[in-house]
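What's in protein.txt: compact mmCIF, C-alpha atoms
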# COMPACT_ATOMS: atom_id res chain seq x y z
CA MET A 811 -6.26 4.20 21.55
CA ARG A 812 -3.91 6.99 20.47
CA THR A 813 -2.52 7.40 23.97
CA ARG A 814 -1.80 3.69 24.26
CA TRP A 815 0.02 3.65 20.91
CA LEU A 816 2.15 6.68 21.68
CA ALA A 817 3.03 5.32 25.10
CA ALA A 818 4.19 2.04 23.57
CA LEU A 819 6.21 3.75 20.87
CA GLY A 820 7.74 6.26 23.22
CA ALA A 821 8.88 3.80 25.88
CA GLY A 822 12.53 4.40 26.61
CA LEU A 823 12.54 7.26 24.09
CA LEU A 824 16.03 8.06 22.86
CA LEU A 825 15.13 11.06 20.72
CA ALA A 826 17.61 9.73 18.23
CA ALA A 827 17.00 12.46 15.70
CA GLY A 828 18.32 15.11 18.03
CA SER A 829 21.24 13.21 19.47
CA GLY A 830 23.86 14.40 17.01
CA CYS A 831 24.51 10.83 15.86
CA SER A 832 28.16 10.69 16.79
CA GLY A 833 29.96 7.59 15.57
CA ASP A 834 31.29 4.91 17.88
CA GLY A 835 34.49 4.29 15.98
CA ASP A 836 33.67 0.96 14.37
CA GLY A 837 32.21 2.25 11.12
CA SER A 838 35.57 2.94 9.47
CA GLU A 839 39.19 3.58 10.39
CA ASP A 840 38.50 7.28 10.98
CA GLY A 841 35.46 6.57 13.15
CA ARG A 842 32.98 7.60 10.50
CA ILE A 843 29.86 5.45 10.29
CA THR A 844 28.41 4.42 6.93
CA LEU A 845 24.77 3.34 6.78
CA ARG A 846 23.34 1.57 3.75
CA PHE A 847 19.84 2.71 2.77
CA GLN A 848 18.10 0.40 0.31
CA SER A 849 15.38 2.31 -1.50
CA LEU A 850 12.69 0.81 -3.73
CA ALA A 851 11.85 4.11 -5.39
CA TRP A 852 11.51 3.51 -9.12
CA GLN A 853 9.75 6.47 -10.72
CA GLU A 854 12.23 9.10 -11.85
CA GLU A 855 10.76 11.81 -9.64
CA SER A 856 10.81 9.55 -6.61
CA VAL A 857 14.37 8.34 -7.16
CA ASP A 858 15.53 11.93 -7.55
CA VAL A 859 13.86 13.01 -4.29
CA ASN A 860 15.32 10.09 -2.33
CA LYS A 861 18.82 10.75 -3.65
CA GLU A 862 18.47 14.49 -2.92
CA LEU A 863 17.51 13.76 0.68
CA VAL A 864 20.47 11.43 1.08
CA ARG A 865 22.77 14.17 -0.22
CA GLU A 866 21.21 16.70 2.18
CA TRP A 867 21.76 14.35 5.12
CA ASN A 868 25.37 13.68 4.15
CA ALA A 869 26.06 17.40 3.80
CA THR A 870 24.99 18.05 7.40
CA HIS A 871 26.12 14.87 9.21
CA ARG A 872 29.89 14.49 8.89
CA ASP A 873 30.15 11.48 11.20
CA VAL A 874 27.31 9.41 9.73
CA LYS A 875 27.30 8.90 5.98
CA VAL A 876 24.35 7.29 4.19
CA GLU A 877 24.96 5.25 1.07
CA TYR A 878 22.02 4.98 -1.34
CA VAL A 879 21.37 1.43 -2.59
CA GLN A 880 18.81 0.81 -5.36
CA GLY A 881 16.45 -2.11 -4.79
CA SER A 882 13.46 -3.43 -6.75
CA TRP A 883 9.87 -4.11 -5.76
CA ASP A 884 9.86 -7.15 -8.06
CA SER A 885 12.39 -9.09 -6.02
CA VAL A 886 12.59 -7.38 -2.65
CA HIS A 887 11.21 -10.21 -0.46
CA ASP A 888 13.61 -12.88 -1.70
CA GLN A 889 16.50 -10.43 -1.89
CA LEU A 890 15.98 -9.33 1.71
CA LEU A 891 15.61 -12.89 2.96
CA THR A 892 18.90 -13.82 1.33
CA SER A 893 20.65 -10.76 2.73
CA PHE A 894 19.26 -11.35 6.23
CA GLU A 895 20.38 -14.95 6.29
CA GLY A 896 23.77 -14.01 4.87
CA GLY A 897 24.33 -11.23 7.40
CA GLU A 898 24.50 -8.58 4.67
CA ALA A 899 21.22 -6.73 5.09
CA PRO A 900 21.16 -2.96 4.54
CA ASP A 901 20.86 -0.88 7.71
CA ILE A 902 17.73 0.99 6.54
CA ILE A 903 15.17 -1.02 4.61
CA HIS A 904 12.43 0.31 2.34
CA ASP A 905 9.57 -2.17 1.92
CA ALA A 906 5.78 -2.47 2.25
CA SER A 907 4.01 -3.29 5.49
CA ASP A 908 2.39 -6.46 4.14
CA ASP A 909 5.86 -7.89 3.52
CA LEU A 910 7.13 -7.37 7.07
CA ALA A 911 5.34 -10.01 9.16
CA ASP A 912 7.62 -12.96 8.48
CA PHE A 913 10.73 -10.76 8.79
CA ALA A 914 9.49 -9.30 12.08
CA TYR A 915 8.53 -12.63 13.62
CA GLY A 916 11.74 -14.14 12.27
CA GLY A 917 13.88 -11.68 14.24
CA TYR A 918 15.37 -9.93 11.21
CA LEU A 919 14.01 -6.44 11.95
CA ALA A 920 14.71 -4.19 14.92
CA ASP A 921 11.88 -3.23 17.27
CA LEU A 922 11.70 0.53 16.79
CA ARG A 923 10.08 1.35 20.11
CA GLY A 924 12.43 3.67 21.94
CA LEU A 925 14.41 4.47 18.81
CA LEU A 926 12.07 7.00 17.19
CA SER A 927 11.56 10.63 18.09
CA GLU A 928 8.41 11.76 19.83
CA ARG A 929 7.72 14.10 16.91
CA LEU A 930 7.53 11.20 14.45
CA THR A 931 5.64 8.79 16.67
CA SER A 932 2.96 11.37 17.43
CA ASP A 933 2.69 12.67 13.86
CA VAL A 934 1.82 9.29 12.32
CA PRO A 935 -1.70 8.18 13.37
CA ALA A 936 -2.28 5.04 15.44
CA ARG A 937 -4.19 3.40 12.57
CA SER A 938 -1.02 3.63 10.48
CA TRP A 939 1.23 2.27 13.22
CA GLU A 940 -1.05 -0.77 13.35
CA THR A 941 0.21 -1.78 9.91
CA THR A 942 3.75 -2.28 11.22
CA THR A 943 3.00 -3.72 14.66
CA PHE A 944 3.56 -7.44 15.06
CA GLY A 945 3.11 -8.95 18.49
CA ASP A 946 4.36 -6.39 20.97
CA GLY A 947 6.87 -4.71 18.67
CA VAL A 948 6.90 -2.01 15.99
CA TYR A 949 9.06 -3.03 13.04
CA GLY A 950 8.67 -0.26 10.48
CA VAL A 951 7.65 3.36 10.02
CA PRO A 952 4.70 3.64 7.61
CA PHE A 953 5.25 6.77 5.54
CA LEU A 954 3.52 6.56 2.13
CA GLN A 955 0.12 5.09 1.32
CA GLU A 956 -2.39 5.14 -1.49
CA PRO A 957 -6.11 4.46 -1.66
CA ARG A 958 -7.60 2.54 -4.54
CA VAL A 959 -9.69 4.89 -6.63
CA LEU A 960 -11.65 4.88 -9.86
CA ILE A 961 -9.91 6.68 -12.71
CA ALA A 962 -12.72 7.74 -15.03
CA ASN A 963 -13.15 9.10 -18.55
CA ALA A 964 -14.74 12.39 -17.51
CA THR A 965 -16.26 13.08 -20.93
CA TRP A 966 -17.89 9.65 -21.09
CA LEU A 967 -19.41 10.03 -17.62
CA LYS A 968 -20.64 13.56 -18.27
CA GLU A 969 -22.32 12.58 -21.53
CA SER A 970 -23.96 9.54 -19.92
CA GLY A 971 -25.73 11.64 -17.30
CA VAL A 972 -24.89 9.26 -14.43
CA ARG A 973 -24.50 10.63 -10.93
CA ILE A 974 -20.87 11.50 -10.28
CA PRO A 975 -19.75 10.20 -6.87
CA THR A 976 -17.81 12.27 -4.35
CA PRO A 977 -16.09 11.32 -1.08
CA GLU A 978 -19.13 12.79 0.68
CA LYS A 979 -21.63 10.87 -1.49
CA PRO A 980 -19.91 7.84 -3.03
CA TRP A 981 -21.53 5.09 -5.03
CA SER A 982 -22.59 1.95 -3.19
CA TRP A 983 -21.34 -1.35 -4.59
CA SER A 984 -24.77 -2.14 -6.01
CA GLU A 985 -25.02 1.35 -7.57
CA PHE A 986 -21.52 0.92 -9.01
CA ARG A 987 -22.58 -2.33 -10.69
CA LYS A 988 -25.72 -0.70 -12.07
CA ILE A 989 -23.81 2.31 -13.43
CA THR A 990 -21.12 0.23 -15.13
CA ASP A 991 -23.92 -1.65 -16.85
CA GLU A 992 -25.45 1.63 -18.01
CA LEU A 993 -22.08 2.86 -19.30
CA SER A 994 -21.40 -0.25 -21.36
CA GLY A 995 -22.30 0.39 -24.96
CA GLY A 996 -21.50 -2.98 -26.51
CA GLY A 997 -19.11 -3.32 -29.42
CA GLY A 998 -16.12 -3.71 -27.15
CA LYS A 999 -16.97 -0.76 -24.90
CA TYR A 1000 -17.18 -1.49 -21.19
CA GLY A 1001 -18.17 0.44 -18.11
CA VAL A 1002 -15.12 -0.79 -16.21
CA ALA A 1003 -11.88 -2.72 -16.70
CA TRP A 1004 -10.53 -4.59 -13.69
CA PRO A 1005 -6.74 -5.15 -13.93
CA LEU A 1006 -6.46 -8.12 -11.59
CA LYS A 1007 -3.17 -9.79 -12.36
CA GLU A 1008 -2.64 -9.53 -8.58
CA PRO A 1009 -6.23 -9.96 -7.37
CA VAL A 1010 -5.75 -10.66 -3.67
CA SER A 1011 -4.80 -7.29 -2.18
CA ALA A 1012 -7.38 -5.45 -4.30
CA THR A 1013 -10.15 -7.81 -3.22
CA LEU A 1014 -9.26 -7.89 0.48
CA ASN A 1015 -8.58 -4.17 0.83
CA LEU A 1016 -11.75 -3.06 -0.95
CA SER A 1017 -13.77 -5.60 1.05
CA LEU A 1018 -13.12 -3.63 4.24
CA SER A 1019 -15.70 -1.16 2.92
CA THR A 1020 -18.36 -3.89 3.18
CA GLY A 1021 -17.22 -5.10 6.59
CA GLY A 1022 -15.25 -8.02 5.19
CA GLN A 1023 -12.32 -9.26 7.27
CA LEU A 1024 -11.60 -12.81 6.00
CA PHE A 1025 -8.84 -13.31 8.59
CA HIS A 1026 -10.01 -13.78 12.17
CA ARG A 1027 -7.77 -14.16 15.21
CA GLY A 1028 -9.16 -16.46 17.88
CA ALA A 1029 -8.75 -16.47 21.65
CA ASP A 1030 -5.78 -18.81 21.18
CA GLY A 1031 -4.02 -16.13 19.13
CA LYS A 1032 -4.21 -18.16 15.93
CA VAL A 1033 -5.58 -16.72 12.67
CA ARG A 1034 -8.18 -18.60 10.64
CA VAL A 1035 -9.94 -17.80 7.38
CA ARG A 1036 -13.73 -17.36 7.30
CA PHE A 1037 -15.46 -16.29 4.09
CA GLU A 1038 -18.66 -14.64 5.27
CA ALA A 1039 -21.45 -12.60 3.66
CA ALA A 1040 -19.52 -9.33 3.96
CA ASP A 1041 -16.52 -10.92 2.23
CA GLU A 1042 -18.66 -11.91 -0.77
CA VAL A 1043 -19.82 -8.45 -1.88
CA VAL A 1044 -16.72 -7.22 -3.73
CA PRO A 1045 -15.73 -10.49 -5.46
CA ARG A 1046 -19.33 -11.18 -6.42
CA THR A 1047 -19.69 -7.68 -7.90
CA ILE A 1048 -16.57 -8.12 -10.03
CA HIS A 1049 -17.59 -11.64 -11.09
CA ASP A 1050 -21.07 -10.50 -12.13
CA GLN A 1051 -19.78 -7.48 -14.02
CA VAL A 1052 -17.59 -9.78 -16.09
CA ASN A 1053 -19.76 -12.88 -16.45
CA THR A 1054 -23.38 -11.71 -16.10
CA ASP A 1055 -23.63 -8.04 -17.10
CA ASP A 1056 -20.79 -7.93 -19.66
CA SER A 1057 -20.02 -4.50 -18.22
CA ALA A 1058 -16.40 -5.38 -17.38
CA SER A 1059 -13.83 -6.65 -19.83
CA GLY A 1060 -12.75 -10.22 -19.14
CA SER A 1061 -9.57 -9.70 -21.16
CA THR A 1062 -8.07 -7.35 -18.55
CA LEU A 1063 -8.41 -9.74 -15.59
CA GLY A 1064 -4.87 -11.01 -16.10
CA SER A 1065 -3.44 -7.54 -16.72
CA GLY A 1066 -1.52 -5.11 -14.57
CA GLY A 1067 -2.79 -1.59 -14.10
CA SER A 1068 -0.50 -0.06 -16.71
CA ASP A 1069 -1.69 -2.58 -19.29
CA THR A 1070 -5.20 -1.14 -19.21
CA LEU A 1071 -4.20 2.45 -19.92
CA PRO A 1072 -4.00 2.23 -23.74
CA GLY A 1073 -7.55 0.84 -23.87
CA PHE A 1074 -8.70 3.46 -21.38
CA PHE A 1075 -7.23 6.27 -23.47
CA GLY A 1076 -8.69 4.66 -26.60
CA GLY A 1077 -12.25 4.79 -25.28
CA LYS A 1078 -12.75 1.08 -24.52
CA TYR A 1079 -13.36 1.51 -20.76
CA ALA A 1080 -15.23 4.24 -18.91
CA MET A 1081 -13.38 3.53 -15.65
CA VAL A 1082 -10.39 1.64 -14.32
CA PRO A 1083 -9.89 0.91 -10.58
CA LEU A 1084 -6.26 1.77 -9.84
CA GLY A 1085 -3.98 2.91 -7.08
CA PHE A 1086 -3.89 6.67 -6.55
CA SER A 1087 -0.29 6.90 -7.80
CA TYR A 1088 -1.29 5.82 -11.33
CA ARG A 1089 -2.24 9.45 -11.93
CA GLN A 1090 1.39 10.11 -12.77
CA GLN A 1091 1.36 7.65 -15.66
CA ILE A 1092 -1.94 9.07 -16.87
CA VAL A 1093 -0.57 12.62 -16.85
CA GLN A 1094 2.48 11.46 -18.78
CA GLN A 1095 0.74 9.18 -21.28
CA ALA A 1096 -2.78 10.49 -21.88
CA PRO A 1097 -3.44 11.88 -25.37
CA LYS A 1098 -3.75 15.62 -25.66
CA GLY A 1099 -7.26 16.71 -24.72
CA PHE A 1100 -8.15 13.48 -22.87
CA ASP A 1101 -10.30 14.47 -19.88
CA TRP A 1102 -10.04 12.23 -16.84
CA GLN A 1103 -10.97 12.44 -13.18
CA VAL A 1104 -10.48 10.58 -9.91
CA LEU A 1105 -13.54 9.13 -8.18
CA PRO A 1106 -13.69 7.42 -4.78
CA ALA A 1107 -14.02 3.63 -4.77
CA PRO A 1108 -17.54 2.35 -3.98
CA ALA A 1109 -18.69 2.33 -0.37
CA GLY A 1110 -20.34 -0.43 1.63
CA ALA A 1111 -21.65 -0.94 5.14
CA ASP A 1112 -18.43 0.58 6.53
CA GLY A 1113 -18.46 3.50 4.12
CA LEU A 1114 -15.28 4.35 2.24
CA THR A 1115 -13.04 2.34 4.56
CA GLN A 1116 -10.41 0.35 2.72
CA GLY A 1117 -7.24 -1.47 3.58
CA VAL A 1118 -3.76 -0.26 2.73
CA SER A 1119 -0.26 -1.63 3.02
CA PRO A 1120 1.86 1.51 3.39
CA GLN A 1121 5.42 1.79 2.25
CA THR A 1122 7.69 1.45 5.26
CA LEU A 1123 11.18 2.14 6.53
CA SER A 1124 12.71 -0.43 8.89
CA VAL A 1125 16.05 -1.03 10.57
CA ALA A 1126 17.84 -4.38 10.32
CA GLN A 1127 18.23 -6.19 13.63
CA ASP A 1128 21.87 -6.94 12.76
CA SER A 1129 22.72 -3.28 12.14
CA PRO A 1130 25.34 -2.11 14.69
CA HIS A 1131 24.08 1.46 14.30
CA LYS A 1132 20.35 1.30 15.05
CA GLU A 1133 20.17 4.72 16.70
CA GLU A 1134 21.88 6.40 13.76
CA ALA A 1135 19.65 4.52 11.29
CA ALA A 1136 16.57 5.66 13.21
CA ALA A 1137 17.88 9.23 13.16
CA PHE A 1138 18.18 9.11 9.36
CA ILE A 1139 14.59 7.80 9.13
CA ASP A 1140 13.48 10.69 11.34
CA PHE A 1141 15.25 13.14 9.02
CA LEU A 1142 13.79 11.52 5.91
CA LEU A 1143 10.28 11.77 7.38
CA ARG A 1144 10.26 15.34 8.62
CA PRO A 1145 6.95 16.83 7.44
CA ARG A 1146 8.39 18.82 4.54
CA ASN A 1147 10.51 15.87 3.44
CA MET A 1148 7.54 13.55 3.70
CA VAL A 1149 5.63 15.89 1.38
CA ARG A 1150 8.52 15.77 -1.10
CA LEU A 1151 8.50 11.96 -1.01
CA ALA A 1152 4.71 11.89 -1.46
CA LEU A 1153 4.83 14.25 -4.44
CA GLY A 1154 7.64 12.22 -5.99
CA ASP A 1155 5.63 9.01 -5.74
CA TRP A 1156 2.22 10.63 -6.34
CA MET A 1157 1.02 9.03 -3.11
CA LEU A 1158 -0.29 10.23 0.25
CA PRO A 1159 1.93 10.70 3.31
CA THR A 1160 0.87 9.10 6.56
CA GLY A 1161 2.02 12.06 8.62
CA THR A 1162 -0.74 14.33 9.90
CA GLU A 1163 1.23 17.53 9.38
CA ALA A 1164 2.37 16.55 5.88
CA LEU A 1165 -1.20 15.75 4.85
CA ARG A 1166 -2.17 19.34 5.64
CA ASP A 1167 0.31 20.73 3.11
CA PRO A 1168 -1.49 22.76 0.40
CA ALA A 1169 0.52 20.98 -2.32
CA LEU A 1170 -1.38 17.78 -1.51
CA ARG A 1171 -4.82 19.40 -1.50
CA THR A 1172 -5.01 20.94 -4.95
CA GLU A 1173 -7.72 20.27 -7.50
CA LYS A 1174 -5.01 19.82 -10.12
CA ASP A 1175 -4.50 16.12 -10.81
CA ASP A 1176 -7.22 15.45 -8.21
CA TRP A 1177 -4.89 15.47 -5.20
CA ALA A 1178 -7.80 16.76 -3.10
CA THR A 1179 -9.87 13.63 -3.79
CA GLY A 1180 -7.09 11.42 -2.47
CA THR A 1181 -6.44 13.42 0.67
CA ALA A 1182 -10.19 13.36 1.39
CA LEU A 1183 -9.91 9.56 1.62
CA ALA A 1184 -6.83 9.45 3.85
CA GLY A 1185 -8.79 9.27 7.08
CA ARG A 1186 -10.60 6.11 5.94
CA LEU A 1187 -7.50 4.05 5.24
CA ARG A 1188 -6.95 1.14 7.61
CA SER A 1189 -4.49 -1.69 8.08
CA ALA A 1190 -4.93 -4.27 5.33
CA PRO A 1191 -6.57 -7.47 6.63
CA ALA A 1192 -3.49 -9.64 6.08
CA GLN A 1193 -0.89 -7.37 7.71
CA SER A 1194 -0.07 -9.54 10.72
CA VAL A 1195 -0.90 -12.96 9.27
CA ARG A 1196 2.06 -15.31 9.24
CA GLY A 1197 2.12 -17.36 6.07
CA TYR A 1198 0.14 -14.78 4.11
CA PRO A 1199 2.60 -14.71 1.15
CA GLU A 1200 2.22 -18.47 0.65
CA TRP A 1201 -1.56 -18.34 1.17
CA LYS A 1202 -1.76 -15.53 -1.39
CA ASP A 1203 0.43 -17.20 -4.01
CA LYS A 1204 -0.69 -20.82 -3.71
CA VAL A 1205 -4.34 -20.52 -2.68
CA ALA A 1206 -5.98 -17.12 -3.03
CA THR A 1207 -4.52 -15.86 -6.31
CA PRO A 1208 -5.44 -18.89 -8.45
CA ALA A 1209 -8.82 -19.25 -6.73
CA LEU A 1210 -9.81 -15.62 -7.30
CA GLN A 1211 -8.51 -15.64 -10.87
CA GLU A 1212 -10.62 -18.68 -11.69
CA TYR A 1213 -13.67 -17.23 -9.96
CA TYR A 1214 -13.42 -13.89 -11.73
CA SER A 1215 -13.05 -15.60 -15.09
CA GLY A 1216 -16.14 -17.71 -14.44
CA ALA A 1217 -14.26 -21.04 -14.27
CA ILE A 1218 -15.49 -21.77 -10.72
CA GLY A 1219 -18.45 -20.62 -8.63
CA LEU A 1220 -18.70 -18.85 -5.30
CA GLY A 1221 -18.99 -22.10 -3.35
CA GLU A 1222 -15.73 -23.46 -4.74
CA LEU A 1223 -14.04 -20.11 -4.13
CA ARG A 1224 -15.12 -20.26 -0.50
CA ARG A 1225 -13.92 -23.86 -0.10
CA ARG A 1226 -10.48 -23.07 -1.45
CA LEU A 1227 -9.97 -19.86 0.50
CA VAL A 1228 -11.14 -21.41 3.76
CA LYS A 1229 -10.24 -25.11 3.70
CA ASP A 1230 -7.06 -24.95 1.64
CA GLY A 1231 -6.13 -21.58 3.10
CA ASN A 1232 -6.38 -22.69 6.72
CA LEU A 1233 -4.15 -25.67 6.00
CA VAL A 1234 -1.44 -23.27 4.81
CA LEU A 1235 -1.81 -20.87 7.76
CA ALA A 1236 -1.81 -23.71 10.29
CA ARG A 1237 1.74 -24.65 9.32
CA TYR A 1238 2.96 -21.20 10.39
CA GLN A 1239 1.10 -21.20 13.71
CA ARG A 1240 2.09 -24.49 15.30

Just dump the structure as structure tokens.
Amino acid sequence: MRTRWLAALGAGLLLAAGSGCSGDGDGSEDGRITLRFQSLAWQEESVDVNKELVREWNATHRDVKVEYVQGSWDSVHDQLLTSFEGGEAPDIIHDASDDLADFAYGGYLADLRGLLSERLTSDVPARSWETTTFGDGVYGVPFLQEPRVLIANATWLKESGVRIPTPEKPWSWSEFRKITDELSGGGGKYGVAWPLKEPVSATLNLSLSTGGQLFHRGADGKVRVRFEAADEVVPRTIHDQVNTDDSASGSTLGSGGSDTLPGFFGGKYAMVPLGFSYRQQIVQQAPKGFDWQVLPAPAGADGLTQGVSPQTLSVAQDSPHKEEAAAFIDFLLRPRNMVRLALGDWMLPTGTEALRDPALRTEKDDWATGTALAGRLRSAPAQSVRGYPEWKDKVATPALQEYYSGAIGLGELRRRLVKDGNLVLARYQR
């Protein structure tokens, strides 16, 4: 598997990072090339690191200047679509892998095979490259990723006497449900708070642990939705915690992750399932003396496997300087720089060498728990599905929200995801 991936990525290798990146004279009157790098970094530490790396590049590459452009996660898809269609896309594009499919199939992104250095292609594992491969091409470099974990009130768990899970011995989904029930004390105290304002990615990615796939590609190459027994485990657990056990707060279902933190700090919830990077907010906002810890998400038939949509760096197809753009990406993702980016975003790097850095394996802030999960992260189920954004927004999000709130049952959830969902996907696969 690894050999096949590296062969595909290395075909026609240009070793752009080591080429010196001399300009071709059409970047400016003096022959200097200017590349626009649109970054979606938003946390102060992350923005600072990205800007520092741009300055370091510019200080050592006189003929190829990089201009930092600030983008926003909230509007990136529509903003990129407009810029692509208007011929004004940035040369280097920061995005997430689950947003790339339509851009890749639409011809807006450059196929990176042959543009990336052998060092980078071999350092990032094949399972990560799968997240940015669409058809026969590779349209982004996955560089940061984060598992979903349980952020727990360590004092509450210790006093309860429940078994504390580890990456070696995690809770099963049934054990997790039982323990959240035990931790719920009534009077507005819950074992868990699920912030599911955006329920689709959380449900699909965690369902990989139970063997759930939901999207299935047939012999004809077309993707269809099937909601099978393995796909039911995670949504049914959440539904029952809220509506049967009263061990999960129903009021947080429409909340974002940050919205649950005041209640978590105030002792309303024993645990909150969040992305690994939320540790930064917890460190910054937790009251003095508040003791918290990171626990692995529950495991199913496929263990701790879960889906991720890594952050990515792509090159616009219309960029006249693809080799130079790829060289900047190679510089940005050198192992030490990748570590700096990961620390700035409180996430995990995809690079094998960067993951070995001692700074990412400390007990402080539970970095070690996250890195222990890195090997179980897989491509999110929807990565290569054309029409996924519309399916998510128009079908899956309202259906899951209603199911989790108790407004509809499992049968109606299945009908909507499958019947209504396949009608949406079919339009993109004619």

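Rounded to one decimal, atom CA of Leu1235 of chain A and atom CA of Asp912 of chain A lie 12.3 Å from each other.
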
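Put simply, atom CA of Gln1239 of chain A is 28.6 Å away from atom CA of Pro900 of chain A.
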
Show me, as a short mmCIF file (atom, residue, chain, number, x, y, z; two decimals) with C-alpha atoms, in the frame of the given file, the residues that have an atom within 8 Å of Phe1075 of chain A when counting only C-alpha atoms, minus same-chain residues fewer than 4 positions from it.
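around-v6.cif written:
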data_model
loop_
_atom_site.label_atom_id
_atom_site.label_comp_id
_atom_site.auth_asym_id
_atom_site.auth_seq_id
_atom_site.Cartn_x
_atom_site.Cartn_y
_atom_site.Cartn_z
CA LEU A 1071 -4.20 2.45 -19.92
CA ALA A 1096 -2.78 10.49 -21.88
CA PRO A 1097 -3.44 11.88 -25.37
CA PHE A 1100 -8.15 13.48 -22.87
#

Which residues, protein or nucleic acid, reach to within 12 Å of (-11.5, 2.5, 4.8) in the file's coordinates when using only C-alpha atoms, and can you give that as a PDB file with C-alpha atoms, keeping the file's coordinate frame?
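As a result, part.pdb now contains:
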ATOM      1  CA  ARG A 937      -4.190   3.400  12.570  1.00  0.00           C
ATOM      2  CA  SER A 938      -1.020   3.630  10.480  1.00  0.00           C
ATOM      3  CA  GLU A 956      -2.390   5.140  -1.490  1.00  0.00           C
ATOM      4  CA  PRO A 957      -6.110   4.460  -1.660  1.00  0.00           C
ATOM      5  CA  ARG A 958      -7.600   2.540  -4.540  1.00  0.00           C
ATOM      6  CA  VAL A 959      -9.690   4.890  -6.630  1.00  0.00           C
ATOM      7  CA  PRO A 977     -16.090  11.320  -1.080  1.00  0.00           C
ATOM      8  CA  LEU A1014      -9.260  -7.890   0.480  1.00  0.00           C
ATOM      9  CA  ASN A1015      -8.580  -4.170   0.830  1.00  0.00           C
ATOM     10  CA  LEU A1016     -11.750  -3.060  -0.950  1.00  0.00           C
ATOM     11  CA  SER A1017     -13.770  -5.600   1.050  1.00  0.00           C
ATOM     12  CA  LEU A1018     -13.120  -3.630   4.240  1.00  0.00           C
ATOM     13  CA  SER A1019     -15.700  -1.160   2.920  1.00  0.00           C
ATOM     14  CA  THR A1020     -18.360  -3.890   3.180  1.00  0.00           C
ATOM     15  CA  GLY A1021     -17.220  -5.100   6.590  1.00  0.00           C
ATOM     16  CA  GLY A1022     -15.250  -8.020   5.190  1.00  0.00           C
ATOM     17  CA  PRO A1106     -13.690   7.420  -4.780  1.00  0.00           C
ATOM     18  CA  ALA A1107     -14.020   3.630  -4.770  1.00  0.00           C
ATOM     19  CA  PRO A1108     -17.540   2.350  -3.980  1.00  0.00           C
ATOM     20  CA  ALA A1109     -18.690   2.330  -0.370  1.00  0.00           C
ATOM     21  CA  GLY A1110     -20.340  -0.430   1.630  1.00  0.00           C
ATOM     22  CA  ALA A1111     -21.650  -0.940   5.140  1.00  0.00           C
ATOM     23  CA  ASP A1112     -18.430   0.580   6.530  1.00  0.00           C
ATOM     24  CA  GLY A1113     -18.460   3.500   4.120  1.00  0.00           C
ATOM     25  CA  LEU A1114     -15.280   4.350   2.240  1.00  0.00           C
ATOM     26  CA  THR A1115     -13.040   2.340   4.560  1.00  0.00           C
ATOM     27  CA  GLN A1116     -10.410   0.350   2.720  1.00  0.00           C
ATOM     28  CA  GLY A1117      -7.240  -1.470   3.580  1.00  0.00           C
ATOM     29  CA  VAL A1118      -3.760  -0.260   2.730  1.00  0.00           C
ATOM     30  CA  ALA A1182     -10.190  13.360   1.390  1.00  0.00           C
ATOM     31  CA  LEU A1183      -9.910   9.560   1.620  1.00  0.00           C
ATOM     32  CA  ALA A1184      -6.830   9.450   3.850  1.00  0.00           C
ATOM     33  CA  GLY A1185      -8.790   9.270   7.080  1.00  0.00           C
ATOM     34  CA  ARG A1186     -10.600   6.110   5.940  1.00  0.00           C
ATOM     35  CA  LEU A1187      -7.500   4.050   5.240  1.00  0.00           C
ATOM     36  CA  ARG A1188      -6.950   1.140   7.610  1.00  0.00           C
ATOM     37  CA  SER A1189      -4.490  -1.690   8.080  1.00  0.00           C
ATOM     38  CA  ALA A1190      -4.930  -4.270   5.330  1.00  0.00           C
ATOM     39  CA  PRO A1191      -6.570  -7.470   6.630  1.00  0.00           C
TER      40      PRO A1191
END

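Using only C-alpha atoms for every distance, the candidate list A:Thr1207, A:Ser982, A:Ser1124, A:Thr1179 yields A:Ser1124 as the residue closest to Leu926 of chain A.
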
For atom CA of Lys1132 of chain A and atom CA of Arg1150 of chain A, the interatomic separation in Å (one decimal):
24.7 Å
